[in-house]
$ cat query24.pdb   # PDB, C-alpha atoms and all ligand atoms
ATOM      1  CA  MET A   1       0.000   0.000   0.000
ATOM      2  CA  ARG A   2       1.000   3.634  -0.452
ATOM      3  CA  ALA A   3       2.161   5.524   2.637
ATOM      4  CA  LEU A   4       3.585   9.016   2.803
ATOM      5  CA  THR A   5       6.437   9.018   5.288
ATOM      6  CA  LEU A   6       8.586  11.742   6.821
ATOM      7  CA  ILE A   7      12.154  10.450   6.661
ATOM      8  CA  ALA A   8      13.950  13.584   7.910
ATOM      9  CA  ASP A   9      13.023  17.192   8.660
ATOM     10  CA  ARG A  10      11.381  18.631   5.527
ATOM     11  CA  LYS A  11      11.822  15.370   3.638
ATOM     12  CA  LEU A  12       8.805  13.304   2.624
ATOM     13  CA  GLU A  13       8.849  10.035   0.739
ATOM     14  CA  LEU A  14       5.960   8.170  -0.856
ATOM     15  CA  ALA A  15       6.739   4.625   0.242
ATOM     16  CA  ASP A  16       5.290   1.261  -0.727
ATOM     17  CA  LEU A  17       4.668  -0.485   2.599
ATOM     18  CA  ALA A  18       3.168  -3.881   3.373
ATOM     19  CA  SER A  19      -0.562  -3.653   4.051
ATOM     20  CA  PRO A  20      -1.476  -4.049   7.726
ATOM     21  CA  ALA A  21      -2.429  -7.500   9.028
ATOM     22  CA  ALA A  22      -6.081  -8.293   9.686
ATOM     23  CA  PRO A  23      -7.338  -6.094  12.536
ATOM     24  CA  ALA A  24      -6.917  -7.543  16.031
ATOM     25  CA  ALA A  25      -9.738  -7.929  18.542
ATOM     26  CA  GLY A  26     -11.364  -4.561  19.202
ATOM     27  CA  GLU A  27      -9.784  -3.009  16.119
ATOM     28  CA  VAL A  28     -11.025  -2.045  12.675
ATOM     29  CA  GLN A  29      -9.162  -1.547   9.412
ATOM     30  CA  VAL A  30     -10.019   1.703   7.657
ATOM     31  CA  ALA A  31      -9.412   2.546   3.990
ATOM     32  CA  VAL A  32      -8.351   6.195   4.137
ATOM     33  CA  LYS A  33     -10.101   8.411   1.549
ATOM     34  CA  ALA A  34      -9.250  11.980   2.555
ATOM     35  CA  VAL A  35      -6.646  13.616   4.788
ATOM     36  CA  ALA A  36      -7.010  17.255   5.840
ATOM     37  CA  LEU A  37      -3.900  19.352   6.446
ATOM     38  CA  ASN A  38      -3.292  21.264   9.676
ATOM     39  CA  HIS A  39      -0.588  23.419  11.194
ATOM     40  CA  LEU A  40       0.336  20.367  13.223
ATOM     41  CA  ASP A  41       1.478  18.761   9.951
ATOM     42  CA  LEU A  42       3.691  21.756   9.349
ATOM     43  CA  TRP A  43       5.222  21.583  12.827
ATOM     44  CA  GLY A  44       5.967  17.912  12.233
ATOM     45  CA  TYR A  45       7.367  18.531   8.743
ATOM     46  CA  ARG A  46       9.711  21.322   9.856
ATOM     47  CA  GLY A  47      10.814  19.312  12.894
ATOM     48  CA  MET A  48      10.451  20.254  16.521
ATOM     49  CA  ALA A  49      13.399  19.866  18.836
ATOM     50  CA  PHE A  50      11.325  18.672  21.775
ATOM     51  CA  ALA A  51       9.057  16.275  19.910
ATOM     52  CA  LYS A  52       9.795  12.681  20.812
ATOM     53  CA  ARG A  53       9.226  10.629  17.718
ATOM     54  CA  LYS A  54      10.759   7.950  15.596
ATOM     55  CA  MET A  55      11.404   8.343  11.885
ATOM     56  CA  PRO A  56      10.331   7.408   9.357
ATOM     57  CA  VAL A  57       6.814   8.248  10.482
ATOM     58  CA  VAL A  58       3.667   8.129   8.347
ATOM     59  CA  VAL A  59       2.281  11.685   8.222
ATOM     60  CA  GLY A  60      -1.345  12.858   8.239
ATOM     61  CA  VAL A  61      -3.069  13.902  11.467
ATOM     62  CA  GLU A  62      -6.706  14.228  10.397
ATOM     63  CA  ALA A  63      -8.644  11.913   8.083
ATOM     64  CA  ALA A  64     -11.837  10.216   6.985
ATOM     65  CA  GLY A  65     -12.314   6.847   5.339
ATOM     66  CA  GLU A  66     -14.393   3.719   5.034
ATOM     67  CA  ILE A  67     -14.328   0.629   7.211
ATOM     68  CA  ALA A  68     -12.587  -2.117   5.212
ATOM     69  CA  VAL A  69     -12.430  -4.955   7.759
ATOM     70  CA  VAL A  70     -13.915  -5.323  11.236
ATOM     71  CA  GLY A  71     -11.852  -7.172  13.841
ATOM     72  CA  PRO A  72     -13.260  -9.785  16.241
ATOM     73  CA  GLY A  73     -15.359  -8.540  19.139
ATOM     74  CA  THR A  74     -16.341  -5.253  17.490
ATOM     75  CA  SER A  75     -19.995  -4.330  17.195
ATOM     76  CA  GLY A  76     -21.777  -1.414  15.581
ATOM     77  CA  LEU A  77     -19.391  -0.981  12.638
ATOM     78  CA  ARG A  78     -19.615  -2.665   9.258
ATOM     79  CA  PRO A  79     -17.459  -2.749   6.137
ATOM     80  CA  GLY A  80     -18.273   0.239   3.931
ATOM     81  CA  ASP A  81     -19.281   2.514   6.845
ATOM     82  CA  ALA A  82     -17.971   6.078   6.508
ATOM     83  CA  VAL A  83     -15.935   7.057   9.557
ATOM     84  CA  VAL A  84     -13.479   9.552  10.978
ATOM     85  CA  MET A  85     -10.814   8.674  13.497
ATOM     86  CA  TYR A  86      -9.686  10.239  16.763
ATOM     87  CA  GLY A  87      -6.047  11.086  16.124
ATOM     88  CA  ALA A  88      -4.481  10.551  19.547
ATOM     89  CA  LEU A  89      -3.850   7.093  20.974
ATOM     90  CA  THR A  90      -5.611   7.572  24.289
ATOM     91  CA  CYS A  91      -5.704   4.789  26.880
ATOM     92  CA  GLY A  92      -9.494   4.651  27.196
ATOM     93  CA  THR A  93      -9.281   3.744  30.885
ATOM     94  CA  CYS A  94      -7.840   6.671  32.896
ATOM     95  CA  LYS A  95     -10.083   9.115  34.770
ATOM     96  CA  ALA A  96      -9.979  11.725  31.984
ATOM     97  CA  CYS A  97     -10.827   9.124  29.329
ATOM     98  CA  ARG A  98     -13.664   7.698  31.432
ATOM     99  CA  GLU A  99     -15.074  11.194  31.868
ATOM    100  CA  GLY A 100     -14.921  11.926  28.142
ATOM    101  CA  ARG A 101     -12.071  14.417  28.430
ATOM    102  CA  ASP A 102     -10.064  12.483  25.866
ATOM    103  CA  ASN A 103      -7.591  15.286  25.169
ATOM    104  CA  LEU A 104      -6.517  15.161  28.836
ATOM    105  CA  CYS A 105      -5.744  11.403  28.785
ATOM    106  CA  GLU A 106      -3.034  10.672  31.356
ATOM    107  CA  ASN A 107      -1.432   7.879  29.338
ATOM    108  CA  VAL A 108      -1.676   9.066  25.749
ATOM    109  CA  ALA A 109       0.689   7.098  23.518
ATOM    110  CA  GLY A 110       1.103   9.872  20.964
ATOM    111  CA  ILE A 111      -0.577  11.921  18.281
ATOM    112  CA  MET A 112      -0.964   9.983  15.044
ATOM    113  CA  GLY A 113       0.898  11.561  12.150
ATOM    114  CA  PHE A 114       3.139  13.447  14.543
ATOM    115  CA  HIS A 115       4.645  11.171  17.206
ATOM    116  CA  VAL A 116       3.463   7.870  15.755
ATOM    117  CA  ASP A 117       2.302   6.713  12.305
ATOM    118  CA  GLY A 118      -0.630   8.723  10.981
ATOM    119  CA  PHE A 119      -3.285   8.557   8.288
ATOM    120  CA  ALA A 120      -1.569   9.376   4.959
ATOM    121  CA  ARG A 121      -1.700   5.749   3.801
ATOM    122  CA  ASP A 122      -4.173   3.511   2.050
ATOM    123  CA  LEU A 123      -5.041   1.347   5.077
ATOM    124  CA  VAL A 124      -4.798   1.837   8.827
ATOM    125  CA  ASN A 125      -5.700  -0.403  11.780
ATOM    126  CA  ILE A 126      -7.110   1.489  14.735
ATOM    127  CA  PRO A 127      -9.016   0.653  17.941
ATOM    128  CA  ALA A 128     -12.740   0.676  17.158
ATOM    129  CA  ARG A 129     -13.343   2.905  20.210
ATOM    130  CA  LEU A 130     -11.460   5.715  18.418
ATOM    131  CA  VAL A 131     -13.677   5.539  15.321
ATOM    132  CA  ILE A 132     -16.696   7.810  14.872
ATOM    133  CA  PRO A 133     -19.358   7.185  12.200
ATOM    134  CA  VAL A 134     -20.021   9.930   9.646
ATOM    135  CA  PRO A 135     -23.713  10.873   9.371
ATOM    136  CA  ALA A 136     -25.529  10.298   6.065
ATOM    137  CA  GLY A 137     -25.202  13.190   3.644
ATOM    138  CA  VAL A 138     -21.746  14.312   4.818
ATOM    139  CA  THR A 139     -19.014  13.676   2.241
ATOM    140  CA  LEU A 140     -15.731  12.095   3.289
ATOM    141  CA  ARG A 141     -13.906  15.190   2.033
ATOM    142  CA  ASP A 142     -15.855  17.368   4.465
ATOM    143  CA  ALA A 143     -15.814  14.779   7.260
ATOM    144  CA  ALA A 144     -12.001  14.741   7.100
ATOM    145  CA  CYS A 145     -12.113  18.228   8.658
ATOM    146  CA  ALA A 146     -14.081  17.081  11.714
ATOM    147  CA  PRO A 147     -11.477  15.473  14.013
ATOM    148  CA  ILE A 148      -9.131  18.475  14.278
ATOM    149  CA  ALA A 149     -10.309  21.619  12.490
ATOM    150  CA  PHE A 150     -13.960  21.459  13.490
ATOM    151  CA  ALA A 151     -13.583  19.698  16.837
ATOM    152  CA  THR A 152     -10.766  21.997  17.994
ATOM    153  CA  VAL A 153     -12.927  25.047  17.304
ATOM    154  CA  GLN A 154     -15.989  23.437  18.876
ATOM    155  CA  HIS A 155     -13.944  22.725  22.022
ATOM    156  CA  MET A 156     -12.380  26.205  22.109
ATOM    157  CA  LEU A 157     -15.513  28.260  21.529
ATOM    158  CA  PHE A 158     -18.094  26.257  23.428
ATOM    159  CA  ASP A 159     -16.403  24.074  26.096
ATOM    160  CA  ASN A 160     -13.651  26.544  26.953
ATOM    161  CA  ALA A 161     -14.700  30.105  26.062
ATOM    162  CA  ARG A 162     -18.391  29.343  26.694
ATOM    163  CA  LEU A 163     -19.413  31.530  23.774
ATOM    164  CA  GLU A 164     -23.089  32.510  23.982
ATOM    165  CA  PRO A 165     -25.521  33.708  21.311
ATOM    166  CA  GLY A 166     -25.386  37.474  20.928
ATOM    167  CA  GLU A 167     -21.803  37.841  22.154
ATOM    168  CA  SER A 168     -18.985  39.387  20.155
ATOM    169  CA  VAL A 169     -15.897  37.458  19.110
ATOM    170  CA  LEU A 170     -12.622  38.368  17.440
ATOM    171  CA  VAL A 171     -11.389  35.513  15.233
ATOM    172  CA  HIS A 172      -7.744  35.809  14.238
ATOM    173  CA  ALA A 173      -6.640  34.713  10.765
ATOM    174  CA  GLY A 174     -10.130  34.340   9.375
ATOM    175  CA  GLY A 175      -8.782  32.679   6.230
ATOM    176  CA  SER A 176      -7.042  29.845   8.057
ATOM    177  CA  GLY A 177      -8.548  26.381   8.376
ATOM    178  CA  ILE A 178      -9.714  26.888  11.954
ATOM    179  CA  GLY A 179     -10.435  30.595  11.403
ATOM    180  CA  THR A 180     -12.993  29.832   8.701
ATOM    181  CA  VAL A 181     -14.632  27.247  10.964
ATOM    182  CA  ALA A 182     -14.704  29.666  13.925
ATOM    183  CA  ILE A 183     -16.412  32.370  11.845
ATOM    184  CA  LYS A 184     -19.090  29.949  10.675
ATOM    185  CA  MET A 185     -19.712  28.374  14.100
ATOM    186  CA  ALA A 186     -19.953  31.746  15.856
ATOM    187  CA  LYS A 187     -22.259  33.194  13.208
ATOM    188  CA  ALA A 188     -24.432  30.075  13.360
ATOM    189  CA  ILE A 189     -25.405  30.900  16.967
ATOM    190  CA  GLY A 190     -25.920  34.609  16.283
ATOM    191  CA  CYS A 191     -22.665  36.169  17.453
ATOM    192  CA  THR A 192     -21.093  39.331  16.081
ATOM    193  CA  VAL A 193     -17.844  38.276  14.405
ATOM    194  CA  ILE A 194     -14.825  40.467  13.790
ATOM    195  CA  THR A 195     -11.983  38.806  11.947
ATOM    196  CA  THR A 196      -8.489  39.610  10.711
ATOM    197  CA  VAL A 197      -6.976  38.710   7.334
ATOM    198  CA  GLY A 198      -3.722  39.493   5.547
ATOM    199  CA  ASP A 199      -5.051  40.724   2.191
ATOM    200  CA  ASP A 200      -8.111  42.267   0.587
ATOM    201  CA  ALA A 201      -9.057  39.196  -1.459
ATOM    202  CA  LYS A 202      -9.339  37.218   1.794
ATOM    203  CA  ALA A 203     -11.378  40.057   3.304
ATOM    204  CA  GLU A 204     -14.052  39.572   0.646
ATOM    205  CA  LYS A 205     -14.100  35.826   1.229
ATOM    206  CA  ALA A 206     -14.352  36.272   5.029
ATOM    207  CA  LYS A 207     -17.302  38.633   4.543
ATOM    208  CA  ALA A 208     -18.943  36.037   2.327
ATOM    209  CA  LEU A 209     -18.653  33.529   5.202
ATOM    210  CA  GLY A 210     -20.664  35.883   7.365
ATOM    211  CA  ALA A 211     -18.027  37.896   9.250
ATOM    212  CA  ASP A 212     -19.560  41.221  10.287
ATOM    213  CA  HIS A 213     -16.281  43.151  10.221
ATOM    214  CA  VAL A 214     -13.006  42.264   8.549
ATOM    215  CA  ILE A 215      -9.694  43.931   9.411
ATOM    216  CA  ASN A 216      -6.671  43.729   7.120
ATOM    217  CA  TYR A 217      -3.941  43.422   9.761
ATOM    218  CA  ARG A 218      -1.257  44.451   7.289
ATOM    219  CA  THR A 219      -2.793  47.892   6.711
ATOM    220  CA  ASP A 220      -4.649  48.485   9.994
ATOM    221  CA  ARG A 221      -3.752  47.851  13.643
ATOM    222  CA  PHE A 222      -6.330  45.283  14.650
ATOM    223  CA  GLU A 223      -6.437  46.310  18.326
ATOM    224  CA  GLY A 224      -7.364  49.886  17.410
ATOM    225  CA  ALA A 225      -9.891  48.735  14.842
ATOM    226  CA  VAL A 226     -11.590  46.375  17.323
ATOM    227  CA  ARG A 227     -11.852  49.072  19.986
ATOM    228  CA  LYS A 228     -13.373  51.428  17.425
ATOM    229  CA  LEU A 229     -15.841  48.798  16.175
ATOM    230  CA  THR A 230     -16.987  48.000  19.732
ATOM    231  CA  GLY A 231     -17.288  51.594  20.939
ATOM    232  CA  LYS A 232     -14.101  51.136  23.047
ATOM    233  CA  LYS A 233     -15.749  48.303  25.023
ATOM    234  CA  GLY A 234     -13.905  45.347  23.486
ATOM    235  CA  VAL A 235     -15.179  41.896  22.565
ATOM    236  CA  ASP A 236     -16.429  39.100  24.833
ATOM    237  CA  VAL A 237     -14.141  36.457  23.351
ATOM    238  CA  VAL A 238     -10.890  36.400  21.378
ATOM    239  CA  PHE A 239     -10.105  33.277  19.368
ATOM    240  CA  GLU A 240      -6.277  33.168  19.353
ATOM    241  CA  HIS A 241      -3.906  30.904  17.464
ATOM    242  CA  VAL A 242      -1.388  33.348  16.019
ATOM    243  CA  GLY A 243       0.671  33.756  19.190
ATOM    244  CA  ALA A 244       3.555  36.142  19.726
ATOM    245  CA  GLU A 245       2.614  38.634  16.976
ATOM    246  CA  THR A 246      -0.910  39.178  18.232
ATOM    247  CA  PHE A 247      -1.252  38.008  21.840
ATOM    248  CA  ASN A 248      -0.924  41.352  23.630
ATOM    249  CA  GLY A 249      -3.056  43.093  21.047
ATOM    250  CA  SER A 250      -5.642  40.367  21.594
ATOM    251  CA  LEU A 251      -5.741  41.095  25.333
ATOM    252  CA  LEU A 252      -6.281  44.790  24.537
ATOM    253  CA  CYS A 253      -9.306  43.792  22.423
ATOM    254  CA  LEU A 254     -11.080  42.105  25.350
ATOM    255  CA  LYS A 255     -13.936  43.557  27.325
ATOM    256  CA  ARG A 256     -13.506  43.584  31.126
ATOM    257  CA  GLY A 257     -14.042  39.976  32.198
ATOM    258  CA  GLY A 258     -13.546  38.809  28.615
ATOM    259  CA  ARG A 259     -12.170  35.409  27.646
ATOM    260  CA  LEU A 260      -9.205  34.667  25.436
ATOM    261  CA  VAL A 261      -8.919  31.098  24.220
ATOM    262  CA  THR A 262      -5.809  29.947  22.379
ATOM    263  CA  CYS A 263      -4.777  26.802  20.580
ATOM    264  CA  GLY A 264      -1.718  27.890  18.668
ATOM    265  CA  ALA A 265       1.320  30.069  18.257
ATOM    266  CA  THR A 266       2.079  30.016  14.556
ATOM    267  CA  SER A 267       3.994  33.316  14.749
ATOM    268  CA  GLY A 268       6.091  32.282  17.757
ATOM    269  CA  PRO A 269       5.611  30.758  21.209
ATOM    270  CA  SER A 270       6.837  33.424  23.663
ATOM    271  CA  THR A 271       5.484  36.740  24.821
ATOM    272  CA  THR A 272       5.251  38.852  27.987
ATOM    273  CA  ILE A 273       1.988  39.978  29.498
ATOM    274  CA  ASN A 274       1.042  42.771  31.878
ATOM    275  CA  LEU A 275      -0.198  41.055  35.039
ATOM    276  CA  MET A 276      -1.815  44.248  36.366
ATOM    277  CA  GLN A 277      -3.920  44.369  33.217
ATOM    278  CA  LEU A 278      -4.726  40.660  33.565
ATOM    279  CA  PHE A 279      -6.210  40.888  37.048
ATOM    280  CA  GLN A 280      -7.610  44.408  36.935
ATOM    281  CA  GLN A 281      -9.488  43.673  33.729
ATOM    282  CA  GLN A 282     -10.417  40.224  35.093
ATOM    283  CA  TYR A 283      -9.472  38.458  31.895
ATOM    284  CA  ARG A 284      -9.693  34.727  31.569
ATOM    285  CA  ILE A 285      -6.990  33.146  29.404
ATOM    286  CA  ILE A 286      -7.669  29.550  28.426
ATOM    287  CA  GLY A 287      -5.294  27.154  26.708
ATOM    288  CA  SER A 288      -6.929  24.590  24.468
ATOM    289  CA  PHE A 289      -5.410  21.648  22.634
ATOM    290  CA  GLY A 290      -7.259  19.061  20.630
ATOM    291  CA  ALA A 291     -10.771  18.016  21.433
ATOM    292  CA  SER A 292     -12.842  15.198  22.835
ATOM    293  CA  MET A 293     -14.589  12.436  20.893
ATOM    294  CA  ARG A 294     -17.837  14.214  21.805
ATOM    295  CA  ASN A 295     -16.589  17.371  20.071
ATOM    296  CA  ILE A 296     -16.026  15.346  16.885
ATOM    297  CA  ARG A 297     -19.567  13.977  17.042
ATOM    298  CA  GLU A 298     -20.897  17.510  17.600
ATOM    299  CA  SER A 299     -18.858  18.703  14.620
ATOM    300  CA  LEU A 300     -20.195  15.992  12.328
ATOM    301  CA  ALA A 301     -23.731  16.822  13.467
ATOM    302  CA  LYS A 302     -23.124  20.464  12.524
ATOM    303  CA  MET A 303     -21.914  19.356   9.090
ATOM    304  CA  ALA A 304     -25.022  17.211   8.669
ATOM    305  CA  GLY A 305     -27.021  20.346   9.491
ATOM    306  CA  GLY A 306     -25.328  22.256   6.669
ATOM    307  CA  LEU A 307     -22.384  23.943   8.431
ATOM    308  CA  LEU A 308     -19.707  22.784   6.003
ATOM    309  CA  PRO A 309     -15.961  23.373   5.894
ATOM    310  CA  VAL A 310     -14.453  25.870   3.479
ATOM    311  CA  ILE A 311     -12.197  23.916   1.133
ATOM    312  CA  ASP A 312      -9.169  25.766  -0.230
ATOM    313  CA  ILE A 313      -7.845  23.124  -2.628
ATOM    314  CA  GLU A 314      -7.809  19.369  -3.067
ATOM    315  CA  VAL A 315      -4.531  17.708  -4.017
ATOM    316  CA  PRO A 316      -3.549  14.075  -4.668
ATOM    317  CA  LEU A 317      -1.375  12.205  -2.153
ATOM    318  CA  ALA A 318       1.753  12.846  -4.230
ATOM    319  CA  ASP A 319       1.230  16.608  -3.778
ATOM    320  CA  PHE A 320       0.989  16.566   0.023
ATOM    321  CA  GLU A 321       4.175  18.646   0.204
ATOM    322  CA  ARG A 322       2.763  21.277  -2.149
ATOM    323  CA  GLY A 323      -0.199  21.542   0.217
ATOM    324  CA  LEU A 324       2.134  22.073   3.176
ATOM    325  CA  GLU A 325       4.022  24.796   1.303
ATOM    326  CA  ARG A 326       0.755  26.537   0.554
ATOM    327  CA  LEU A 327      -0.162  26.345   4.249
ATOM    328  CA  GLU A 328       3.236  27.644   5.308
ATOM    329  CA  SER A 329       3.085  30.621   2.928
ATOM    330  CA  ARG A 330      -0.343  31.632   4.343
ATOM    331  CA  GLN A 331      -1.854  31.659   0.831
ATOM    332  CA  VAL A 332      -4.592  29.370   2.001
ATOM    333  CA  PHE A 333      -8.274  30.180   2.539
ATOM    334  CA  GLY A 334      -9.926  27.271   4.336
ATOM    335  CA  LYS A 335      -8.830  23.666   4.403
ATOM    336  CA  ILE A 336      -6.424  21.801   2.138
ATOM    337  CA  ILE A 337      -7.580  18.249   1.446
ATOM    338  CA  VAL A 338      -5.380  15.406   0.263
ATOM    339  CA  THR A 339      -7.411  12.823  -1.632
ATOM    340  CA  PHE A 340      -6.674   9.135  -2.198
TER     341      PHE A 340
HETATM  342 ZN    ZN B 401      -6.663   7.898  29.165
END
$ encode --input "query24.pdb" --output "structure tokens"
Amino acid sequence: MRALTLIADRKLELADLASPAAPAAGEVQVAVKAVALNHLDLWGYRGMAFAKRKMPVVVGVEAAGEIAVVGPGTSGLRPGDAVVMYGALTCGTCKACREGRDNLCENVAGIMGFHVDGFARDLVNIPARLVIPVPAGVTLRDAACAPIAFATVQHMLFDNARLEPGESVLVHAGGSGIGTVAIKMAKAIGCTVITTVGDDAKAEKAKALGADHVINYRTDRFEGAVRKLTGKKGVDVVFEHVGAETFNGSLLCLKRGGRLVTCGATSGPSTTINLMQLFQQQYRIIGSFGASMRNIRESLAKMAGGLLPVIDIEVPLADFERGLERLESRQVFGKIIVTF
């Protein structure tokens, strides 16, 4: 079978690997049909000094496919079923897992496609408990965006920031994979959405997604623009994932008692913050990473209800690297899908 492997930093190889054995008890074998690209792929591709991983490693952190073979002792799944897969090898038995807080598993064995072999291959064996059925009417291309892009945003906005209908939210990088999802999810519950983009063409596209106000951060200071748009009050929630370049500006955009939720630091991981401002303004800063299985089910339900991902481009497996380069250069608007 085909498998796209990372053999060294910034070096991918399309390998011909032996197909996996028949799935063991409690496992299923999934034929992968679509992989969605994420910044996590880029971190893995560039190499991270602190990441413990073996190479070569099969890349691909987020995917959808069809059940090919069902292992012994597995009920509720049949060959041909459309599914997505939870991308971290959780233990399934610790307190966090038992309580459905999968992304806080105490014994996680790694993130697939990053620490351990991922989804950019024709066939993968995976524990059936990590497989989530795709509702009828949702394509595999769209479903491939559920496990990370959709579920991460669902977890950030609703579990962590507790975004309520009628509130205001600043979504950074409204053209990014998760930015496009955040705009759509916030608008779907009746929030006022302000977003930032890096060029005017993206501004038009963000408006078309429903953003109420779009700021070009290259020509306008977003913190000033947000304060002006909100009558100097600030927003209820900031959706952060840019990091060093924007973090302090993001805090300045918050209302007193506002919430900042962050899941990324694409522009750099370190910053300083003013602690006086933090406690006097009673900000809440919430770190968020990954999502629970429940968040993936909620995401798929939203897709079934018509809240679909924005697809930037689709590329074949052999062009995975071209997709990563597009992501890295910030040319992207929405999600890049690798098809099989
Ligand atoms: Zn666990």
$ resolve_selection --input "query24.pdb" --expression "the PyMOL selection byres (((chain A and resi 105) around 12) and not hetatm)" --output "MDAnalysis selection string"
chainID A and resid 88:104 106:111 289:293
$ resolve_selection --input "query24.pdb" --expression "the PyMOL selection byres (((chain A and resi 23) around 9) and not hetatm)" --output "list of chain:residue names"
A:Pro20, A:Ala21, A:Ala22, A:Ala24, A:Ala25, A:Gly26, A:Glu27, A:Val28, A:Gln29, A:Val69, A:Val70, A:Gly71, A:Pro72, A:Asn125, A:Ile126, A:Pro127
$ resolve_selection --input "query24.pdb" --expression "the PyMOL selection byres (((chain A and resi 16) around 12) and not hetatm)" --output "mmCIF file with C-alpha atoms, in the coordinates of the input"
data_model
loop_
_atom_site.group_PDB
_atom_site.id
_atom_site.type_symbol
_atom_site.label_atom_id
_atom_site.label_comp_id
_atom_site.auth_asym_id
_atom_site.auth_seq_id
_atom_site.Cartn_x
_atom_site.Cartn_y
_atom_site.Cartn_z
ATOM 1 C CA MET A 1 0.000 0.000 0.000
ATOM 2 C CA ARG A 2 1.000 3.634 -0.452
ATOM 3 C CA ALA A 3 2.161 5.524 2.637
ATOM 4 C CA LEU A 4 3.585 9.016 2.803
ATOM 5 C CA THR A 5 6.437 9.018 5.288
ATOM 6 C CA GLU A 13 8.849 10.035 0.739
ATOM 7 C CA LEU A 14 5.960 8.170 -0.856
ATOM 8 C CA ALA A 15 6.739 4.625 0.242
ATOM 9 C CA LEU A 17 4.668 -0.485 2.599
ATOM 10 C CA ALA A 18 3.168 -3.881 3.373
ATOM 11 C CA SER A 19 -0.562 -3.653 4.051
ATOM 12 C CA VAL A 58 3.667 8.129 8.347
ATOM 13 C CA ARG A 121 -1.700 5.749 3.801
ATOM 14 C CA ASP A 122 -4.173 3.511 2.050
ATOM 15 C CA LEU A 123 -5.041 1.347 5.077
#
$ closest_residue --input "query24.pdb" --among "A:Gly198, A:Gly268, A:Gly249, A:Pro165" --to "A:Asn216" --atoms "all atoms listed in the file"
A:Gly198
$ closest_residue --input "query24.pdb" --among "A:Ile313, A:Leu40, A:Leu278, A:Cys253" --to "A:Val61" --atoms "all atoms listed in the file"
A:Leu40
$ atom_distance --input "query24.pdb" --atom1 "atom CA of A:Ala68" --atom2 "atom CA of A:Val30"
5.2 Å
$ build_atoms --input "query24.pdb" --residues "stretch 294-306 of chain A" --atoms "N, CA and C atoms" --output "PDB file, in the frame of the given file"
ATOM      1  N   ARG A 294     -16.528  13.545  21.860  1.00  0.00           N
ATOM      2  CA  ARG A 294     -17.837  14.214  21.805  1.00  0.00           C
ATOM      3  C   ARG A 294     -17.781  15.421  20.873  1.00  0.00           C
ATOM      4  N   ASN A 295     -16.703  16.197  20.950  1.00  0.00           N
ATOM      5  CA  ASN A 295     -16.589  17.371  20.071  1.00  0.00           C
ATOM      6  C   ASN A 295     -16.599  16.970  18.594  1.00  0.00           C
ATOM      7  N   ILE A 296     -16.029  15.809  18.278  1.00  0.00           N
ATOM      8  CA  ILE A 296     -16.026  15.346  16.885  1.00  0.00           C
ATOM      9  C   ILE A 296     -17.447  14.974  16.465  1.00  0.00           C
ATOM     10  N   ARG A 297     -18.163  14.309  17.361  1.00  0.00           N
ATOM     11  CA  ARG A 297     -19.567  13.977  17.042  1.00  0.00           C
ATOM     12  C   ARG A 297     -20.398  15.254  16.861  1.00  0.00           C
ATOM     13  N   GLU A 298     -20.172  16.231  17.731  1.00  0.00           N
ATOM     14  CA  GLU A 298     -20.897  17.510  17.600  1.00  0.00           C
ATOM     15  C   GLU A 298     -20.565  18.184  16.268  1.00  0.00           C
ATOM     16  N   SER A 299     -19.300  18.090  15.879  1.00  0.00           N
ATOM     17  CA  SER A 299     -18.858  18.703  14.620  1.00  0.00           C
ATOM     18  C   SER A 299     -19.526  18.049  13.423  1.00  0.00           C
ATOM     19  N   LEU A 300     -19.563  16.715  13.432  1.00  0.00           N
ATOM     20  CA  LEU A 300     -20.195  15.992  12.328  1.00  0.00           C
ATOM     21  C   LEU A 300     -21.691  16.307  12.266  1.00  0.00           C
ATOM     22  N   ALA A 301     -22.299  16.469  13.433  1.00  0.00           N
ATOM     23  CA  ALA A 301     -23.731  16.822  13.467  1.00  0.00           C
ATOM     24  C   ALA A 301     -23.934  18.210  12.855  1.00  0.00           C
ATOM     25  N   LYS A 302     -23.012  19.130  13.129  1.00  0.00           N
ATOM     26  CA  LYS A 302     -23.124  20.464  12.524  1.00  0.00           C
ATOM     27  C   LYS A 302     -22.985  20.380  11.007  1.00  0.00           C
ATOM     28  N   MET A 303     -22.059  19.541  10.542  1.00  0.00           N
ATOM     29  CA  MET A 303     -21.914  19.356   9.090  1.00  0.00           C
ATOM     30  C   MET A 303     -23.199  18.797   8.484  1.00  0.00           C
ATOM     31  N   ALA A 304     -23.775  17.807   9.176  1.00  0.00           N
ATOM     32  CA  ALA A 304     -25.022  17.211   8.669  1.00  0.00           C
ATOM     33  C   ALA A 304     -26.129  18.254   8.605  1.00  0.00           C
ATOM     34  N   GLY A 305     -26.040  19.262   9.477  1.00  0.00           N
ATOM     35  CA  GLY A 305     -27.021  20.346   9.491  1.00  0.00           C
ATOM     36  C   GLY A 305     -26.704  21.457   8.503  1.00  0.00           C
ATOM     37  N   GLY A 306     -25.625  21.286   7.741  1.00  0.00           N
ATOM     38  CA  GLY A 306     -25.328  22.256   6.669  1.00  0.00           C
ATOM     39  C   GLY A 306     -24.169  23.192   6.951  1.00  0.00           C
TER      40      GLY A 306
END
